[in-house]
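Chemist: target19.txt is reproduced below (compact mmCIF, C-alpha atoms).
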# COMPACT_ATOMS: atom_id res chain seq x y z
CA MET A 223 2.39 32.10 -106.64
CA LYS A 224 3.91 35.52 -106.98
CA THR A 225 6.74 35.82 -109.48
CA PRO A 226 9.88 37.01 -107.76
CA PRO A 227 11.77 39.91 -109.31
CA ALA A 228 14.18 38.61 -111.93
CA GLU A 229 17.31 40.02 -110.35
CA ALA A 230 16.68 38.03 -107.18
CA TRP A 231 17.52 34.95 -109.23
CA ILE A 232 20.63 36.17 -110.99
CA PRO A 233 23.80 35.32 -109.13
CA ALA A 234 26.35 38.12 -109.24
CA VAL A 235 28.68 37.33 -112.10
CA ASP A 236 30.03 40.63 -113.23
CA GLY A 237 27.87 40.43 -116.32
CA ARG A 238 30.38 38.19 -118.02
CA VAL A 239 27.95 35.39 -118.70
CA ASP A 240 24.47 35.94 -120.05
CA ALA A 241 22.69 35.95 -116.72
CA SER A 242 19.34 36.88 -118.19
CA ALA A 243 19.09 33.62 -120.12
CA TYR A 244 19.49 31.67 -116.93
CA ALA A 245 17.05 33.89 -115.12
CA ARG A 246 14.48 33.44 -117.88
CA ALA A 247 14.85 29.67 -117.69
CA ILE A 248 14.32 29.75 -113.96
CA LEU A 249 11.30 31.99 -114.27
CA ASN A 250 9.76 29.61 -116.79
CA ILE A 251 10.09 26.80 -114.32
CA LEU A 252 8.61 28.90 -111.57
CA GLU A 253 5.61 29.58 -113.77
CA ASP A 254 5.05 25.85 -114.20
CA PHE A 255 5.52 25.49 -110.51
CA SER A 256 2.77 27.95 -109.71
CA ASP A 257 0.35 25.89 -111.82
CA GLU A 258 1.17 22.51 -110.47
CA LYS A 259 2.46 22.26 -106.95
CA THR A 260 3.04 18.53 -107.07
CA ARG A 261 6.04 18.97 -109.32
CA LEU A 262 8.02 20.61 -106.58
CA ASN A 263 10.87 18.09 -106.62
CA ASP A 264 11.26 18.15 -110.37
CA THR A 265 11.29 21.88 -110.28
CA GLN A 266 13.90 22.06 -107.61
CA ARG A 267 16.08 19.68 -109.53
CA ALA A 268 15.69 21.66 -112.72
CA VAL A 269 16.62 24.89 -110.95
CA MET A 270 19.65 23.24 -109.38
CA ASN A 271 20.78 21.97 -112.80
CA ILE A 272 20.53 25.39 -114.29
CA LEU A 273 22.48 26.93 -111.44
CA GLU A 274 25.15 24.25 -111.79
CA ASP A 275 25.48 24.92 -115.53
CA PHE A 276 25.71 28.54 -114.70
CA ASP A 277 28.50 27.95 -112.23
CA LEU A 278 30.38 25.78 -114.71
CA GLU A 279 30.02 28.51 -117.32
CA LYS A 280 31.41 31.04 -114.89
CA ARG A 281 34.39 28.85 -114.13
CA LYS A 282 35.05 28.28 -117.82
CA VAL A 283 35.09 32.01 -118.38
CA ALA A 284 37.45 32.54 -115.44
CA GLU A 285 39.79 29.86 -116.79
CA LEU A 286 39.80 31.39 -120.25
CA GLU A 287 40.57 34.73 -118.69
CA MET A 288 43.52 33.29 -116.82
CA PHE A 289 44.71 31.59 -119.98
CA ALA A 290 44.52 34.81 -121.98
CA TYR A 291 46.45 36.66 -119.32
CA VAL A 292 49.20 34.09 -118.96
CA ALA A 293 49.48 33.55 -122.70
CA SER A 294 49.74 37.21 -123.52
CA HIS A 295 52.06 37.92 -120.63
CA ASP A 296 54.42 35.04 -121.41
CA LEU A 297 54.31 35.74 -125.12
CA GLN A 298 55.80 39.15 -124.50
CA GLU A 299 59.13 37.73 -123.43
CA PRO A 300 60.15 35.85 -126.58
CA LEU A 301 58.58 38.58 -128.65
CA ARG A 302 60.77 41.18 -126.98
CA MET A 303 63.80 39.14 -128.01
CA ILE A 304 62.65 38.84 -131.62
CA THR A 305 61.84 42.52 -131.78
CA SER A 306 65.05 43.65 -130.15
CA TYR A 307 67.31 41.57 -132.32
CA THR A 308 65.58 42.30 -135.62
CA GLN A 309 65.75 45.97 -134.71
CA LEU A 310 69.43 45.54 -133.93
CA LEU A 311 69.89 43.81 -137.30
CA ALA A 312 68.11 46.67 -139.02
CA LYS A 313 70.14 49.24 -137.13
CA ARG A 314 73.53 47.70 -137.85
CA TYR A 315 73.05 46.04 -141.23
CA ALA A 316 70.49 48.08 -143.13
CA GLY A 317 72.03 48.99 -146.47
CA ARG A 318 74.98 46.67 -145.94
CA LEU A 319 73.41 43.44 -147.13
CA ASP A 320 71.29 43.79 -150.24
CA ALA A 321 67.88 45.24 -151.11
CA ASP A 322 66.10 41.92 -150.52
CA ALA A 323 67.62 41.57 -147.06
CA ASP A 324 66.51 45.09 -146.18
CA ASP A 325 62.97 44.26 -147.31
CA PHE A 326 62.90 41.05 -145.32
CA ILE A 327 64.17 42.73 -142.17
CA GLY A 328 61.56 45.44 -142.69
CA PHE A 329 58.77 42.86 -142.83
CA VAL A 330 59.95 41.16 -139.66
CA VAL A 331 60.18 44.47 -137.80
CA ASP A 332 56.67 45.42 -138.97
CA GLY A 333 55.27 42.05 -137.99
CA THR A 334 56.72 42.15 -134.52
CA LYS A 335 55.39 45.65 -133.96
CA ARG A 336 51.90 44.53 -134.92
CA MET A 337 52.19 41.50 -132.70
CA GLN A 338 53.30 43.68 -129.81
CA ALA A 339 50.26 45.88 -130.23
CA LEU A 340 48.02 42.80 -130.32
CA ILE A 341 49.50 41.33 -127.18
CA ARG A 342 49.36 44.67 -125.38
CA ASP A 343 45.67 45.06 -126.25
CA LEU A 344 44.89 41.46 -125.40
CA LEU A 345 46.46 42.00 -121.99
CA GLU A 346 44.45 45.16 -121.53
CA TYR A 347 41.30 43.29 -122.53
CA SER A 348 41.93 40.55 -120.00
CA ASN A 349 42.85 43.10 -117.32
CA VAL A 350 39.57 44.91 -117.82
CA GLY A 351 37.78 41.69 -117.00
CA SER A 352 39.87 40.63 -114.04
CA THR A 353 40.69 43.74 -112.01
CA GLU A 354 38.31 44.45 -109.18
CA LEU A 355 35.89 47.29 -109.79
CA ASP A 356 36.12 50.27 -107.50
CA LEU A 357 32.55 51.50 -107.84
CA ARG A 358 31.84 54.97 -106.57
CA ALA A 359 30.43 58.29 -107.69
CA ALA A 360 32.39 59.20 -110.81
CA ASP A 361 32.06 62.66 -112.32
CA CYS A 362 31.89 62.10 -116.09
CA GLU A 363 32.85 65.68 -116.80
CA GLN A 364 36.05 65.40 -114.79
CA VAL A 365 36.81 62.01 -116.34
CA LEU A 366 36.28 63.45 -119.83
CA ARG A 367 38.67 66.31 -119.05
CA GLY A 368 41.37 63.77 -118.17
CA VAL A 369 40.66 61.82 -121.36
CA LEU A 370 40.92 64.93 -123.50
CA ALA A 371 44.24 65.79 -121.89
CA ASN A 372 45.51 62.34 -122.89
CA LEU A 373 44.22 62.77 -126.42
CA GLU A 374 45.49 66.30 -126.91
CA SER A 375 47.85 65.50 -129.77
CA LEU A 376 45.36 63.25 -131.56
CA MET A 377 42.69 65.95 -131.34
CA ALA A 378 45.08 68.66 -132.53
CA GLU A 379 46.57 66.64 -135.41
CA SER A 380 43.17 65.65 -136.74
CA GLY A 381 41.69 69.13 -136.30
CA ALA A 382 38.89 67.63 -134.21
CA THR A 383 36.43 69.67 -132.21
CA LEU A 384 34.62 68.20 -129.24
CA THR A 385 31.60 69.59 -127.44
CA HIS A 386 29.62 68.10 -124.61
CA ASP A 387 26.41 68.43 -122.63
CA PRO A 388 26.66 68.99 -118.90
CA LEU A 389 27.73 65.49 -117.87
CA PRO A 390 26.37 63.62 -114.86
CA THR A 391 27.92 61.74 -112.00
CA VAL A 392 27.45 57.99 -112.43
CA LEU A 393 28.21 54.89 -110.40
CA ALA A 394 31.41 53.60 -111.97
CA ASP A 395 35.04 52.67 -111.59
CA SER A 396 36.56 55.94 -112.70
CA SER A 397 39.65 54.47 -114.36
CA GLN A 398 37.51 52.07 -116.40
CA LEU A 399 35.10 54.90 -117.19
CA ALA A 400 38.08 56.89 -118.47
CA GLN A 401 39.20 53.94 -120.59
CA LEU A 402 35.67 53.64 -122.00
CA LEU A 403 35.37 57.31 -122.92
CA GLN A 404 38.90 57.42 -124.25
CA ASN A 405 38.28 54.49 -126.58
CA LEU A 406 34.99 55.95 -127.80
CA VAL A 407 36.39 59.43 -128.40
CA THR A 408 39.51 57.98 -130.05
CA ASN A 409 37.32 55.96 -132.42
CA ALA A 410 35.14 58.97 -133.15
CA VAL A 411 38.24 60.86 -134.28
CA LYS A 412 40.07 57.95 -135.88
CA PHE A 413 37.31 56.73 -138.18
CA ARG A 414 36.86 60.07 -139.88
CA GLY A 415 36.17 60.68 -143.51
CA ALA A 416 37.34 63.70 -145.47
CA ARG A 417 35.78 66.15 -142.99
CA ALA A 418 37.47 67.29 -139.81
CA PRO A 419 36.02 65.30 -136.92
CA VAL A 420 33.20 66.90 -134.94
CA VAL A 421 32.45 64.96 -131.78
CA HIS A 422 29.70 65.52 -129.25
CA VAL A 423 29.40 63.77 -125.89
CA GLY A 424 25.81 63.82 -124.71
CA ALA A 425 23.96 62.71 -121.61
CA GLU A 426 20.30 62.00 -120.97
CA PRO A 427 18.64 60.65 -117.87
CA VAL A 428 16.96 57.24 -118.19
CA VAL A 429 15.23 55.11 -115.57
CA GLY A 430 17.79 54.26 -112.91
CA GLY A 431 20.71 55.86 -114.69
CA TRP A 432 22.14 57.86 -117.52
CA ARG A 433 22.48 57.33 -121.22
CA LEU A 434 25.75 58.76 -122.39
CA SER A 435 26.42 59.16 -126.08
CA VAL A 436 29.44 59.86 -128.24
CA ARG A 437 28.42 61.17 -131.65
CA ASP A 438 30.76 61.70 -134.58
CA ASN A 439 30.60 62.74 -138.23
CA GLY A 440 32.90 59.96 -139.42
CA ILE A 441 32.63 57.16 -141.95
CA GLY A 442 29.84 55.35 -140.10
CA ILE A 443 29.19 51.65 -139.68
CA ASP A 444 27.00 49.53 -141.91
CA HIS A 445 23.95 48.35 -139.98
CA ALA A 446 24.96 44.74 -140.65
CA TYR A 447 28.02 45.20 -138.43
CA ALA A 448 26.39 47.14 -135.61
CA GLU A 449 26.77 44.17 -133.27
CA SER A 450 29.99 42.60 -134.46
CA VAL A 451 32.04 45.79 -134.07
CA PHE A 452 32.04 44.98 -130.36
CA GLU A 453 33.75 41.61 -130.90
CA ALA A 454 37.45 41.42 -130.12
CA PHE A 455 39.77 41.54 -133.16
CA ARG A 456 36.86 42.35 -135.46
CA ARG A 457 38.06 45.07 -137.80
CA LEU A 458 35.91 46.48 -140.54
CA ASN A 459 38.53 48.65 -142.23
CA PRO A 460 41.89 46.94 -141.71
CA ARG A 461 43.45 48.50 -144.80
CA ASP A 462 42.70 52.13 -144.10
CA TYR A 463 42.74 52.33 -140.33
CA PRO A 464 45.46 50.94 -138.09
CA GLY A 465 44.60 49.12 -134.90
CA THR A 466 44.07 45.72 -133.40
CA GLY A 467 40.28 45.75 -133.18
CA VAL A 468 40.13 45.36 -129.44
CA GLY A 469 39.03 48.87 -128.43
CA LEU A 470 35.28 48.38 -128.69
CA ALA A 471 35.48 44.90 -127.17
CA ILE A 472 37.12 46.53 -124.17
CA CYS A 473 34.33 49.14 -124.07
CA LYS A 474 31.70 46.44 -124.15
CA ARG A 475 33.41 44.55 -121.39
CA ILE A 476 33.68 47.62 -119.19
CA VAL A 477 30.02 48.52 -119.70
CA GLU A 478 28.84 44.98 -119.04
CA ARG A 479 30.88 44.72 -115.88
CA HIS A 480 29.11 47.86 -114.74
CA GLY A 481 25.77 46.20 -115.46
CA GLY A 482 25.09 48.60 -118.32
CA ARG A 483 24.50 48.42 -122.05
CA ILE A 484 26.36 49.68 -125.09
CA TRP A 485 25.22 49.90 -128.69
CA VAL A 486 25.75 51.92 -131.82
CA GLU A 487 23.46 53.72 -134.23
CA SER A 488 24.98 54.84 -137.47
CA VAL A 489 24.48 56.04 -141.01
CA VAL A 490 27.26 55.14 -143.41
CA GLY A 491 28.98 58.28 -144.64
CA GLU A 492 27.33 60.50 -142.05
CA GLY A 493 28.57 59.29 -138.71
CA SER A 494 28.00 57.05 -135.72
CA THR A 495 26.64 57.53 -132.25
CA PHE A 496 27.69 55.13 -129.51
CA PHE A 497 25.29 54.90 -126.59
CA VAL A 498 26.16 53.70 -123.13
CA ILE A 499 23.81 53.20 -120.21
CA LEU A 500 25.32 53.46 -116.75
CA SER A 501 23.72 53.47 -113.31
CA ARG A 502 23.14 56.65 -111.39
CA VAL A 503 24.60 57.02 -107.94
CA PRO A 504 22.10 55.60 -105.44
CA MET B 79 81.93 60.60 -110.79
CA ILE B 80 83.44 57.22 -111.28
CA ALA B 81 84.12 57.51 -115.01
CA ARG B 82 86.82 60.09 -114.29
CA SER B 83 89.40 57.56 -113.14
CA GLY B 84 89.99 56.26 -116.68
CA GLU B 85 89.80 52.65 -115.55
CA PRO B 86 86.85 50.67 -116.94
CA VAL B 87 83.92 50.74 -114.53
CA GLU B 88 83.08 47.34 -113.09
CA ILE B 89 79.40 46.42 -113.41
CA LEU B 90 77.74 43.20 -112.32
CA LEU B 91 74.78 42.20 -114.46
CA VAL B 92 72.55 39.56 -112.91
CA ASP B 93 70.37 38.09 -115.64
CA ASP B 94 69.68 34.51 -116.66
CA HIS B 95 68.67 35.17 -120.23
CA PRO B 96 71.53 35.16 -122.77
CA GLY B 97 69.52 37.31 -125.17
CA ASP B 98 69.05 40.00 -122.56
CA VAL B 99 72.66 39.80 -121.42
CA ARG B 100 73.97 40.25 -124.94
CA LEU B 101 71.60 43.12 -125.59
CA THR B 102 72.78 44.90 -122.44
CA GLU B 103 76.40 44.29 -123.47
CA GLU B 104 75.72 45.72 -126.91
CA ALA B 105 74.08 48.76 -125.38
CA PHE B 106 76.97 49.39 -122.98
CA ALA B 107 79.42 48.91 -125.86
CA GLU B 108 77.82 51.91 -127.57
CA CYS B 109 78.30 54.07 -124.48
CA ARG B 110 81.12 56.53 -123.98
CA VAL B 111 82.24 55.34 -120.57
CA ARG B 112 84.40 52.22 -120.66
CA THR B 113 82.73 49.47 -118.69
CA ASN B 114 83.59 45.94 -117.77
CA LEU B 115 80.43 43.90 -117.53
CA SER B 116 80.53 40.71 -115.47
CA VAL B 117 77.54 38.41 -115.68
CA ALA B 118 75.91 36.19 -113.07
CA VAL B 119 73.18 33.92 -114.42
CA ASP B 120 71.32 33.25 -111.19
CA GLY B 121 70.95 34.59 -107.68
CA GLU B 122 73.36 32.15 -106.07
CA GLU B 123 76.07 32.93 -108.60
CA ALA B 124 75.52 36.64 -108.01
CA MET B 125 76.07 36.28 -104.26
CA ALA B 126 79.12 34.03 -104.78
CA PHE B 127 80.56 36.63 -107.16
CA LEU B 128 79.96 39.49 -104.75
CA ARG B 129 81.40 37.54 -101.80
CA ARG B 130 84.29 36.26 -103.90
CA GLU B 131 83.55 32.65 -103.07
CA GLY B 132 84.96 29.62 -104.91
CA GLU B 133 85.69 30.28 -108.57
CA PHE B 134 84.97 33.97 -108.00
CA ALA B 135 87.89 34.49 -105.59
CA GLU B 136 89.44 37.01 -107.98
CA ALA B 137 86.16 38.71 -108.90
CA PRO B 138 86.30 42.50 -109.12
CA ARG B 139 84.11 44.51 -106.79
CA PRO B 140 81.37 46.07 -108.93
CA ALA B 141 80.65 49.79 -108.69
CA LEU B 142 77.09 49.11 -109.79
CA ILE B 143 74.78 46.10 -109.86
CA ILE B 144 72.08 45.64 -112.48
CA LEU B 145 69.64 43.07 -111.22
CA ASP B 146 66.83 41.18 -112.92
CA LEU B 147 64.11 39.93 -110.57
CA ASN B 148 63.00 36.71 -112.16
CA LEU B 149 66.04 34.51 -111.59
CA PRO B 150 66.61 30.79 -111.11
CA LYS B 151 67.72 29.38 -107.74
CA LYS B 152 67.65 32.57 -105.73
CA ASN B 153 65.33 35.27 -107.03
CA GLY B 154 66.24 38.92 -107.41
CA MET B 155 64.37 40.08 -104.30
CA ARG B 156 66.38 37.70 -102.14
CA VAL B 157 69.62 38.79 -103.77
CA LEU B 158 68.68 42.40 -103.03
CA THR B 159 67.90 41.58 -99.41
CA GLU B 160 71.20 39.75 -98.94
CA ILE B 161 73.20 42.57 -100.51
CA ARG B 162 71.57 45.10 -98.21
CA ALA B 163 72.07 42.88 -95.15
CA ASP B 164 75.80 42.44 -95.86
CA PRO B 165 77.83 45.37 -94.47
CA THR B 166 80.59 44.81 -97.04
CA LEU B 167 78.13 45.05 -99.95
CA SER B 168 75.24 47.16 -98.73
CA GLU B 169 76.53 50.45 -100.14
CA ILE B 170 76.69 49.25 -103.77
CA PRO B 171 73.87 50.80 -105.80
CA VAL B 172 71.44 48.25 -107.22
CA ILE B 173 69.43 49.03 -110.32
CA VAL B 174 66.51 46.67 -110.80
CA LEU B 175 66.05 46.10 -114.54
CA THR B 176 63.23 43.68 -115.21
CA THR B 177 60.26 42.91 -117.43
CA SER B 178 57.88 42.96 -114.50
CA THR B 179 55.50 45.89 -114.34
CA SER B 180 53.76 44.57 -111.24
CA GLU B 181 53.08 47.23 -108.61
CA LYS B 182 53.83 44.68 -105.94
CA ASP B 183 57.33 44.08 -107.34
CA ILE B 184 57.99 47.79 -107.67
CA ALA B 185 56.97 48.53 -104.08
CA GLU B 186 58.84 45.52 -102.72
CA ALA B 187 62.05 46.39 -104.58
CA TYR B 188 62.08 49.87 -103.07
CA GLN B 189 61.21 48.53 -99.64
CA ARG B 190 64.28 46.36 -99.94
CA HIS B 191 66.27 49.47 -100.86
CA ALA B 192 66.77 49.11 -104.56
CA ASN B 193 68.23 52.40 -105.84
CA CYS B 194 65.86 52.46 -108.76
CA TYR B 195 63.46 50.25 -110.63
CA ILE B 196 63.36 50.18 -114.42
CA THR B 197 61.05 48.15 -116.63
CA LYS B 198 62.86 46.80 -119.68
CA PRO B 199 61.43 48.62 -122.69
CA VAL B 200 60.27 46.35 -125.49
CA ASP B 201 61.59 48.65 -128.18
CA LEU B 202 65.30 48.39 -128.94
CA ASP B 203 65.96 52.10 -129.29
CA LYS B 204 64.26 52.75 -125.96
CA PHE B 205 66.27 50.00 -124.31
CA PHE B 206 69.52 51.48 -125.63
CA GLU B 207 68.36 54.86 -124.41
CA VAL B 208 67.75 53.43 -120.93
CA VAL B 209 71.27 52.01 -120.82
CA ARG B 210 72.66 55.35 -122.02
CA LEU B 211 70.77 57.10 -119.23
CA ILE B 212 72.05 54.60 -116.66
CA GLU B 213 75.54 55.37 -117.93
CA SER B 214 75.19 59.12 -117.84
CA PHE B 215 73.46 59.25 -114.46
CA TRP B 216 75.21 56.52 -112.48
CA LEU B 217 78.65 56.74 -114.05
CA MET B 218 78.95 60.40 -114.98
CA ILE B 219 76.81 62.37 -112.55
CA VAL B 220 76.49 60.68 -109.17
CA GLU B 221 79.33 60.08 -106.76
CA LEU B 222 79.76 56.43 -105.84
CA PRO B 223 81.43 55.06 -102.72
CA ARG B 224 84.96 53.74 -103.35
CA ARG B 225 86.71 50.90 -101.66
Translate the structure of the given file into structure tokens.
Modeler:
Amino acid sequence: MKTPPAEAWIPAVDGRVDASAYARAILNILEDFSDEKTRLNDTQRAVMNILEDFDLEKRKVAELEMFAYVASHDLQEPLRMITSYTQLLAKRYAGRLDADADDFIGFVVDGTKRMQALIRDLLEYSNVGSTELDLRAADCEQVLRGVLANLESLMAESGATLTHDPLPTVLADSSQLAQLLQNLVTNAVKFRGARAPVVHVGAEPVVGGWRLSVRDNGIGIDHAYAESVFEAFRRLNPRDYPGTGVGLAICKRIVERHGGRIWVESVVGEGSTFFVILSRVP
Amino acid sequence: MIARSGEPVEILLVDDHPGDVRLTEEAFAECRVRTNLSVAVDGEEAMAFLRREGEFAEAPRPALIILDLNLPKKNGMRVLTEIRADPTLSEIPVIVLTTSTSEKDIAEAYQRHANCYITKPVDLDKFFEVVRLIESFWLMIVELPRR
């Protein structure tokens, strides 16, 4: 029996669940099937089980997504109260109580600001997964121009220079593509060492698409963390660099929803290059 | 401009959350124009106040309405629709001031003839700034209908 192409067996799931694992399992069964035709019923049952698991997995992910959205959205309300009133306390009573009270108020204000940032990013993360993709020809060069306009003050303050290859048109949701490039360029500038940031956005054709890259001369990432940097809330340098640790998780999510890949290659102390594979326009 | 008359400007704030009400009061208290803020805690109370029904028989007519959308009993969109459908109330400017950032809410509020739509800023200073801007624009720049 001829092996069907793998993608024929992968239900469309937005790349949120590891479809390839399911596909591999199904292909294994099909191989058995081609050897021994009498096991047809068993095989069918096994395939059905896998597809059911897959469906359950999908639903679990969708539920989690919903939960994250509702939680972060509803959390904002009470948090806004806490923030507003501690800020009002600080505004009206700073210097009128005693030094301890000023310190305590300061800690509360700081904490609520951090929590706000976390909730905002969590909401963004869940939005990236739940909004419908508007896939069309997206001109990376134009998208990058928009991103650089947004980042003007960051680039100027840090003394960063950015160069780029001629960039291609890819099949993507342009607002998510912008978010992706903005997060990668922001990181390239943010995680700088003593040197002024030098960033290069490259592009190379690969089979079926393009490999974009964002290279920097920053602090780099230890090889041991090359995978975990893409996990939400994973921060490698919490003391020295502000942030919630959601940026790269958002990037990963965007790329996976586009059916692409993202990874990083880095040398500590010399810099990192983030690679992204996206489809070309058919 | 309405602030010229010297009388406090009557404003109706429709908001069910005491924390938000107090914050808006505090912000108006820091403004230059004297205002008298009345509060309705749900949509039904807002309509009763505006129509001077029952306990609100003596209620002042507001020059400006600040309306939250997410309200108990009768939500803000319905309140807006009823205000606009009532010839004795339809000319009062309504400022929607809400936490919702939903595009659907924004579009719907304007379709129902809200005069403007403002998302409540999370940051206190920004919120106070918004109230200051409401004061300077609506009470010191624009002309409002008088009755």
Chemist: Residues of chain A within 10 Å of chain B, counting all atoms listed in the file, what are they? List them as a list in words.
Modeler: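 In the required form, that comes to His295, Gln298, Glu299, Pro300, Leu301, Arg302, Met303, Ile304, Thr305, Ser306, Tyr307, Thr308, Gln309, Leu310, Lys313, Lys335 and Gln338 of chain A.
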Chemist: Using the selection just defined, write its residues with C-alpha atoms as a short mmCIF file (atom, residue, chain, number, x, y, z; two decimals), in the coordinates of the input.
Modeler:
data_model
loop_
_atom_site.label_atom_id
_atom_site.label_comp_id
_atom_site.auth_asym_id
_atom_site.auth_seq_id
_atom_site.Cartn_x
_atom_site.Cartn_y
_atom_site.Cartn_z
CA HIS A 295 52.06 37.92 -120.63
CA GLN A 298 55.80 39.15 -124.50
CA GLU A 299 59.13 37.73 -123.43
CA PRO A 300 60.15 35.85 -126.58
CA LEU A 301 58.58 38.58 -128.65
CA ARG A 302 60.77 41.18 -126.98
CA MET A 303 63.80 39.14 -128.01
CA ILE A 304 62.65 38.84 -131.62
CA THR A 305 61.84 42.52 -131.78
CA SER A 306 65.05 43.65 -130.15
CA TYR A 307 67.31 41.57 -132.32
CA THR A 308 65.58 42.30 -135.62
CA GLN A 309 65.75 45.97 -134.71
CA LEU A 310 69.43 45.54 -133.93
CA LYS A 313 70.14 49.24 -137.13
CA LYS A 335 55.39 45.65 -133.96
CA GLN A 338 53.30 43.68 -129.81
#
Chemist: Can you tell me which residues surround Leu149 of chain B at a distance of at most 7 Å, considering only C-alpha atoms, apart from same-chain residues fewer than 2 positions away, and format the answer as a PyMOL selection string?
Modeler: chain B and resi 93-94+120-121+146-147+151-154
Chemist: Would you mind exporting the chosen residues as a short mmCIF file (atom, residue, chain, number, x, y, z; two decimals), in the frame of the given file, restricted to C-alpha atoms?
Modeler:
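Output file result07.cif is given in full below:
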data_model
loop_
_atom_site.label_atom_id
_atom_site.label_comp_id
_atom_site.auth_asym_id
_atom_site.auth_seq_id
_atom_site.Cartn_x
_atom_site.Cartn_y
_atom_site.Cartn_z
CA ASP B 93 70.37 38.09 -115.64
CA ASP B 94 69.68 34.51 -116.66
CA ASP B 120 71.32 33.25 -111.19
CA GLY B 121 70.95 34.59 -107.68
CA ASP B 146 66.83 41.18 -112.92
CA LEU B 147 64.11 39.93 -110.57
CA LYS B 151 67.72 29.38 -107.74
CA LYS B 152 67.65 32.57 -105.73
CA ASN B 153 65.33 35.27 -107.03
CA GLY B 154 66.24 38.92 -107.41
#
Chemist: Hey, what's within 7 Å of Ala141 of chain B if we count only C-alpha atoms and toss same-chain stuff fewer than 6 positions away? As a list in words, please?
Modeler: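 Using only C-alpha atoms, the neighbours found are Val87, Glu88, Ile89 and Ile170 of chain B.
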Chemist: Which residues, written as a tab-separated table (two decimals) with C-alpha atoms, keeping the file's coordinate frame, have at least one atom at most 10 Å from Arg417 of chain A, with all atoms listed in the file counted and residues fewer than 3 positions away on the same chain left out?
Modeler:
chain	number	residue	atom	x	y	z
A	380	SER	CA	43.17	65.65	-136.74
A	381	GLY	CA	41.69	69.13	-136.30
A	382	ALA	CA	38.89	67.63	-134.21
A	414	ARG	CA	36.86	60.07	-139.88
A	420	VAL	CA	33.20	66.90	-134.94
A	439	ASN	CA	30.60	62.74	-138.23
A	440	GLY	CA	32.90	59.96	-139.42
A	441	ILE	CA	32.63	57.16	-141.95
Chemist: Give me the residues near Ala105 of chain B as a VMD selection string, where near means some atom within 12 Å (using only C-alpha atoms) and where sequence neighbours in that chain fewer than 2 positions away do not count.
Modeler: (chain A and resid 306 310) or (chain B and resid 98 to 103 107 to 113 115 202 to 213)
Chemist: To one decimal place in Å, what is the distance between atom CA of Ala339 of chain A and atom CA of Ala400 of chain A?
Modeler: 20.2 Å
Chemist: Could you work out how far atom CA of Ala418 of chain A lies from atom CA of Ser494 of chain A, giving the answer in Å with one decimal?
Modeler: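 So the two atoms, atom CA of Ser494 of chain A and atom CA of Ala418 of chain A, lie 14.5 Å apart.
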Chemist: Give me the residues near segment 461-465 of chain A as a PyMOL selection string, where near means some atom within 9 Å (using all atoms listed in the file) and where sequence neighbours in that chain fewer than 2 positions away do not count.
Modeler: chain A and resi 336+339-340+412-413+457-459+467-469
